[in-house]
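**Student:** The structure's right below; bear with me while I get my questions together.
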Amino acid sequence: MSVKDPLPGCFITVEGIEGVGKSTNIQFIQDCLERHNIPYLQTREPGGTDLGEKLRALLLHGAEVCDDAELLMMFAARAQHLSEKIKPALQAGTWVICDRFTDSSYAYQGGGRQLKLDNIQRLEHLVHAGLQPNLTLLLDAPVEVGRARAAKRSAADRIEAQDLAFFNRVRAMFLSRAKEFERYTLIDAAQPLARVQADIKQALESLIRVSS
Ligand code: T5A
């Protein structure tokens with residue numbers, strides 16, 4: 001957790017472009033933690049609180065949201081989420097598994113929308129200075145693979161409706177951050193599910209070992 005003031009719970013985030021298998025593998029992560037008798041909270045961004053879920057509905061299904069408003073709404077939802085759910089859980093020794101976090105703001109608003117990274121960094125500092133995930137699992141696959149998987153489910157939302165170039169920038173930003181930060185584990189999500197889950201299990205077990 002925070003380097004200065006470690007919290008007893010571990011914070012795991014799952015990231016990647018649409019359709020790479022985040023929801024599918026979060027269920028797998030929950031099963032692993034249950035086998036180790038580790039208490040956890042499973043949550044998502046944007047969302048996770050009443051306010052966050054309302055913002056999510058506007059972000060994904062609202063008509064007009066300009067790019068700066070989109071960035072600010074992501075961080076508004078995140079501030080509430082941290083204050084109401086994530087920090088109290090970690091302080092109580094509960095692990096948190098979060099479907100997306102600030103890396104998604106860098107990837108989608110920074111990479112996809114091409115907003116200034118300095119501004120994202122300022123918001124990150126304002127909202128959660130000193131608190132970063134212990135482990136970020138980046139499920140990575142070519143955009144076409146993720147889109148083909150996601151398309152089988154439901155109609156595209158406001159962000160999913162962006163073009164291929166947008167998602168290629170999103171993916172490139174995730175990959176660049178994975179190289180930059182040690183907390184990342186890069187998982188090849190184009191593999192068959194059993195192989196993906198074997199890789200996730202290895203990363204999780206190593207976190208469980210160092211945190212116990
Ligand atoms: N956002 C979010 C921002 O722009 N900025 C931010 O700061 C934040 C926090 C949220 C949206 O908000 C944006 C990003 C997003 O656009 P979301 O709820 O995270 O959206 O939804 P999506 O990313 O769109 O998630 P999806 O549900 O589309 O994809 P998942 O969860 O990655 O994929 P999943 O598990 O549903 O799997 C898709 C299909 O693939 C199959 C599954 O069975 C399923 O059918 N599958 C595989 N098939 C073969 N091989 C494998 N290895 C497979 N893994 C999964």
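Just remember, in the structure tokens the first chain shown is A, the second B, etc., residues are 1-based per chain, and ligands are 1-based in the order shown.
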Give one line per residue of chain A that approaches ligand 1 to at most 8 Å, naming the two atoms of the closest pair and their distance in Å to one decimal, counting only C-alpha atoms and all ligand atoms; sort by chain then ascending residue number and deliver it as a tab-separated table.
**Tutor:**
```
residue	atom	partner	partner_atom_place_in_ligand_line	distance
A:Glu15	CA	ligand 1	32 (O)	7.9
A:Gly16	CA	ligand 1	32 (O)	6.6
A:Ile17	CA	ligand 1	23 (O)	5.6
A:Glu18	CA	ligand 1	23 (O)	3.7
A:Gly19	CA	ligand 1	29 (O)	3.5
A:Val20	CA	ligand 1	32 (O)	4.1
A:Gly21	CA	ligand 1	35 (O)	3.2
A:Lys22	CA	ligand 1	32 (O)	3.7
A:Ser23	CA	ligand 1	31 (O)	3.7
A:Thr24	CA	ligand 1	35 (O)	3.7
A:Asn25	CA	ligand 1	35 (O)	6.4
A:Ile26	CA	ligand 1	35 (O)	8.0
A:Arg44	CA	ligand 1	18 (O)	7.3
A:Glu45	CA	ligand 1	9 (C)	4.4
A:Pro46	CA	ligand 1	9 (C)	4.7
A:Arg56	CA	ligand 1	12 (O)	7.7
A:Leu59	CA	ligand 1	12 (O)	7.5
A:Leu60	CA	ligand 1	11 (C)	6.8
A:Glu70	CA	ligand 1	4 (O)	7.7
A:Leu71	CA	ligand 1	5 (N)	7.2
A:Met74	CA	ligand 1	7 (O)	5.2
A:Phe75	CA	ligand 1	7 (O)	7.1
A:Arg78	CA	ligand 1	9 (C)	8.0
A:Asp99	CA	ligand 1	19 (O)	6.3
A:Arg100	CA	ligand 1	9 (C)	4.9
A:Phe101	CA	ligand 1	9 (C)	4.9
A:Thr102	CA	ligand 1	7 (O)	5.4
A:Asp103	CA	ligand 1	7 (O)	6.8
A:Ser104	CA	ligand 1	7 (O)	4.3
A:Ser105	CA	ligand 1	7 (O)	3.4
A:Tyr106	CA	ligand 1	7 (O)	7.2
A:Ala107	CA	ligand 1	5 (N)	7.3
A:Tyr108	CA	ligand 1	4 (O)	4.5
A:Gln109	CA	ligand 1	4 (O)	5.9
A:Leu139	CA	ligand 1	32 (O)	7.9
A:Gly146	CA	ligand 1	38 (C)	7.3
A:Arg149	CA	ligand 1	40 (O)	4.5
A:Ala150	CA	ligand 1	28 (O)	5.0
A:Lys152	CA	ligand 1	45 (O)	6.9
A:Arg153	CA	ligand 1	45 (O)	7.0
A:Asp157	CA	ligand 1	16 (O)	7.7
A:Arg158	CA	ligand 1	16 (O)	7.9
A:Ile159	CA	ligand 1	16 (O)	4.9
A:Glu160	CA	ligand 1	16 (O)	5.6
A:Ala189	CA	ligand 1	52 (N)	5.3
A:Ala190	CA	ligand 1	52 (N)	5.6
A:Gln191	CA	ligand 1	52 (N)	5.3
A:Pro192	CA	ligand 1	52 (N)	4.5
A:Leu193	CA	ligand 1	52 (N)	3.6
A:Ala194	CA	ligand 1	52 (N)	7.3
A:Arg195	CA	ligand 1	52 (N)	7.7
A:Val196	CA	ligand 1	52 (N)	6.0
```
**Student:** Compile the contact shell of Arg35 in chain A as a PyMOL selection string: residues with an atom at most 12 Å away, counting only C-alpha atoms, same-chain residues fewer than 6 positions apart removed.
**Tutor:** chain A and resi 28-29+201+204-205+208
**Student:** Can you list, as a list in words, all residues belonging to range 13-208 of chain A that DSSP tags as strand (DSSP E)?
**Tutor:**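 Residues meeting the strand (DSSP E) criterion: Thr13, Val14, Glu15, Tyr40, Leu41, Gln42, Thr43, Arg44, Trp95, Val96, Ile97, Cys98, Asp99, Leu135, Thr136, Leu137, Leu138, Leu139, Asp140, Tyr184, Thr185, Leu186, Ile187 and Asp188 of chain A.
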**Student:** Kindly indicate which residue among A:Ile187, A:Leu41, A:Leu126, A:Ala165 lies nearest to Trp95 in chain A, using only C-alpha atoms for the distances.
**Tutor:** A:Leu41
**Student:** With distances taken over only C-alpha atoms, which of A:Arg183, A:Lys54, A:Arg147, A:Lys87 is nearest to Ile12 in chain A?
**Tutor:**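 Smallest distance to Ile12 in chain A is found for A:Arg183.
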**Student:** As a short mmCIF file (atom, residue, chain, number, x, y, z; two decimals) with C-alpha atoms, in the first residue's frame, which residues of range 8-193 of chain A does DSSP assign to alpha helix (DSSP H)?
**Tutor:**
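Output saved as out_9.cif:
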```
data_model
loop_
_atom_site.label_atom_id
_atom_site.label_comp_id
_atom_site.auth_asym_id
_atom_site.auth_seq_id
_atom_site.Cartn_x
_atom_site.Cartn_y
_atom_site.Cartn_z
CA LYS A 22 -11.30 -8.87 -16.51
CA SER A 23 -14.71 -9.95 -15.14
CA THR A 24 -14.05 -13.62 -15.93
CA ASN A 25 -10.71 -13.59 -14.13
CA ILE A 26 -11.87 -11.52 -11.15
CA GLN A 27 -14.12 -14.46 -10.31
CA PHE A 28 -11.04 -16.68 -10.49
CA ILE A 29 -9.10 -14.31 -8.18
CA GLN A 30 -11.95 -14.38 -5.67
CA ASP A 31 -11.88 -18.19 -5.69
CA CYS A 32 -8.11 -18.15 -5.03
CA LEU A 33 -8.43 -15.77 -2.08
CA GLU A 34 -11.27 -17.84 -0.64
CA ARG A 35 -9.08 -20.95 -0.80
CA ASP A 50 -23.93 4.97 -4.90
CA LEU A 51 -22.34 8.14 -6.23
CA GLY A 52 -19.84 6.16 -8.33
CA GLU A 53 -22.55 4.03 -9.93
CA LYS A 54 -24.55 7.16 -10.82
CA LEU A 55 -21.47 8.70 -12.39
CA ARG A 56 -20.79 5.41 -14.21
CA ALA A 57 -24.26 5.48 -15.79
CA LEU A 58 -23.65 9.05 -17.03
CA LEU A 59 -20.12 8.21 -18.23
CA LEU A 60 -21.08 5.09 -20.15
CA HIS A 61 -24.59 5.92 -21.27
CA ASP A 67 -13.25 14.86 -22.44
CA ASP A 68 -12.25 17.00 -19.44
CA ALA A 69 -15.58 16.29 -17.71
CA GLU A 70 -15.01 12.56 -18.36
CA LEU A 71 -11.60 12.71 -16.65
CA LEU A 72 -12.95 14.68 -13.68
CA MET A 73 -15.93 12.37 -13.27
CA MET A 74 -13.63 9.32 -13.21
CA PHE A 75 -11.63 10.91 -10.40
CA ALA A 76 -14.73 12.15 -8.55
CA ALA A 77 -16.06 8.58 -8.54
CA ARG A 78 -12.62 7.36 -7.41
CA ALA A 79 -12.37 9.86 -4.52
CA GLN A 80 -15.72 8.66 -3.17
CA HIS A 81 -14.78 5.02 -3.73
CA LYS A 87 -9.43 2.68 2.37
CA PRO A 88 -11.72 1.42 5.16
CA ALA A 89 -11.43 -2.13 3.79
CA LEU A 90 -7.64 -2.00 3.53
CA GLN A 91 -7.39 -0.49 7.01
CA THR A 102 -6.23 4.98 -12.01
CA ASP A 103 -4.20 3.13 -14.67
CA SER A 104 -7.42 3.13 -16.72
CA LEU A 117 -0.67 13.25 -18.56
CA ASP A 118 0.44 16.04 -16.20
CA ASN A 119 -3.18 16.81 -15.39
CA ILE A 120 -3.94 13.15 -14.72
CA GLN A 121 -0.92 12.99 -12.45
CA ARG A 122 -2.18 16.03 -10.52
CA LEU A 123 -5.57 14.41 -10.01
CA GLU A 124 -3.91 11.16 -8.96
CA HIS A 125 -1.90 13.08 -6.39
CA LEU A 126 -4.98 14.93 -5.15
CA VAL A 127 -7.12 11.82 -4.82
CA HIS A 128 -4.68 9.12 -3.65
CA VAL A 143 -7.58 -4.86 -29.68
CA GLU A 144 -9.30 -7.03 -32.30
CA VAL A 145 -9.32 -10.02 -29.92
CA GLY A 146 -10.86 -8.04 -27.05
CA ARG A 147 -13.42 -6.36 -29.28
CA ALA A 148 -14.51 -9.65 -30.85
CA ARG A 149 -15.03 -11.15 -27.37
CA ALA A 150 -16.87 -8.08 -26.03
CA ALA A 151 -19.08 -7.78 -29.12
CA LEU A 164 -9.74 1.07 -33.38
CA ALA A 165 -7.08 3.80 -33.21
CA PHE A 166 -8.46 4.93 -29.83
CA PHE A 167 -8.16 1.40 -28.38
CA ASN A 168 -4.71 0.92 -29.86
CA ARG A 169 -3.60 4.06 -27.99
CA VAL A 170 -5.27 2.76 -24.81
CA ARG A 171 -3.45 -0.55 -25.11
CA ALA A 172 -0.11 1.15 -25.85
CA MET A 173 -0.47 3.32 -22.72
CA PHE A 174 -1.20 0.27 -20.55
CA LEU A 175 1.84 -1.52 -21.97
CA SER A 176 4.06 1.47 -21.42
CA ARG A 177 2.94 1.75 -17.79
CA ALA A 178 3.49 -1.98 -17.29
CA LYS A 179 7.14 -1.43 -18.24
CA GLU A 180 7.44 1.56 -15.93
CA LEU A 193 -8.35 -19.23 -20.38
#
```
**Student:** Tell me which protein, DNA and RNA residues are within 12 Å of Asn134 in chain A, counting only C-alpha atoms, leaving out same-chain ones fewer than 2 positions away, and put them as number ranges by chain.
**Tutor:** A: 1-3, 6-14, 90, 95-98, 130-132, 136-137, 181-185, 203-204, 206-208, 210-211
**Student:** Give me a file of those residues, with C-alpha atoms, as a PDB file, in the first residue's frame.
**Tutor:**
```
ATOM      1  CA  MET A   1       0.000   0.000   0.000  1.00  0.00           C
ATOM      2  CA  SER A   2       1.305   3.432   0.802  1.00  0.00           C
ATOM      3  CA  VAL A   3       5.074   3.234   1.009  1.00  0.00           C
ATOM      4  CA  PRO A   6       1.436   0.446   4.886  1.00  0.00           C
ATOM      5  CA  LEU A   7      -2.150  -0.711   5.381  1.00  0.00           C
ATOM      6  CA  PRO A   8      -2.847  -4.294   6.456  1.00  0.00           C
ATOM      7  CA  GLY A   9      -4.938  -5.272   3.410  1.00  0.00           C
ATOM      8  CA  CYS A  10      -3.562  -5.806  -0.114  1.00  0.00           C
ATOM      9  CA  PHE A  11      -4.919  -3.848  -3.056  1.00  0.00           C
ATOM     10  CA  ILE A  12      -5.192  -5.739  -6.355  1.00  0.00           C
ATOM     11  CA  THR A  13      -6.305  -4.013  -9.549  1.00  0.00           C
ATOM     12  CA  VAL A  14      -7.219  -5.686 -12.837  1.00  0.00           C
ATOM     13  CA  LEU A  90      -7.635  -2.004   3.532  1.00  0.00           C
ATOM     14  CA  TRP A  95      -8.044  -7.291   0.558  1.00  0.00           C
ATOM     15  CA  VAL A  96      -9.538  -5.265  -2.275  1.00  0.00           C
ATOM     16  CA  ILE A  97      -9.930  -6.564  -5.829  1.00  0.00           C
ATOM     17  CA  CYS A  98     -10.811  -3.653  -8.073  1.00  0.00           C
ATOM     18  CA  GLY A 130       0.883   7.658  -1.414  1.00  0.00           C
ATOM     19  CA  LEU A 131      -1.614   4.901  -2.110  1.00  0.00           C
ATOM     20  CA  GLN A 132      -1.028   2.557  -5.042  1.00  0.00           C
ATOM     21  CA  THR A 136      -1.839  -4.633 -10.996  1.00  0.00           C
ATOM     22  CA  LEU A 137      -2.720  -7.492 -13.317  1.00  0.00           C
ATOM     23  CA  PHE A 181       5.946   0.224 -12.689  1.00  0.00           C
ATOM     24  CA  GLU A 182       7.079  -2.839 -10.796  1.00  0.00           C
ATOM     25  CA  ARG A 183       3.617  -3.450  -9.314  1.00  0.00           C
ATOM     26  CA  TYR A 184       2.401  -4.589 -12.767  1.00  0.00           C
ATOM     27  CA  THR A 185       2.216  -8.199 -13.891  1.00  0.00           C
ATOM     28  CA  ALA A 203       1.244 -13.723  -9.495  1.00  0.00           C
ATOM     29  CA  LEU A 204      -1.356 -14.002  -6.740  1.00  0.00           C
ATOM     30  CA  SER A 206       3.628 -14.698  -4.895  1.00  0.00           C
ATOM     31  CA  LEU A 207       1.720 -11.697  -3.425  1.00  0.00           C
ATOM     32  CA  ILE A 208       0.137 -13.931  -0.775  1.00  0.00           C
ATOM     33  CA  VAL A 210       5.195 -11.834   0.572  1.00  0.00           C
ATOM     34  CA  SER A 211       2.220 -10.390   2.472  1.00  0.00           C
TER      35      SER A 211
END
```
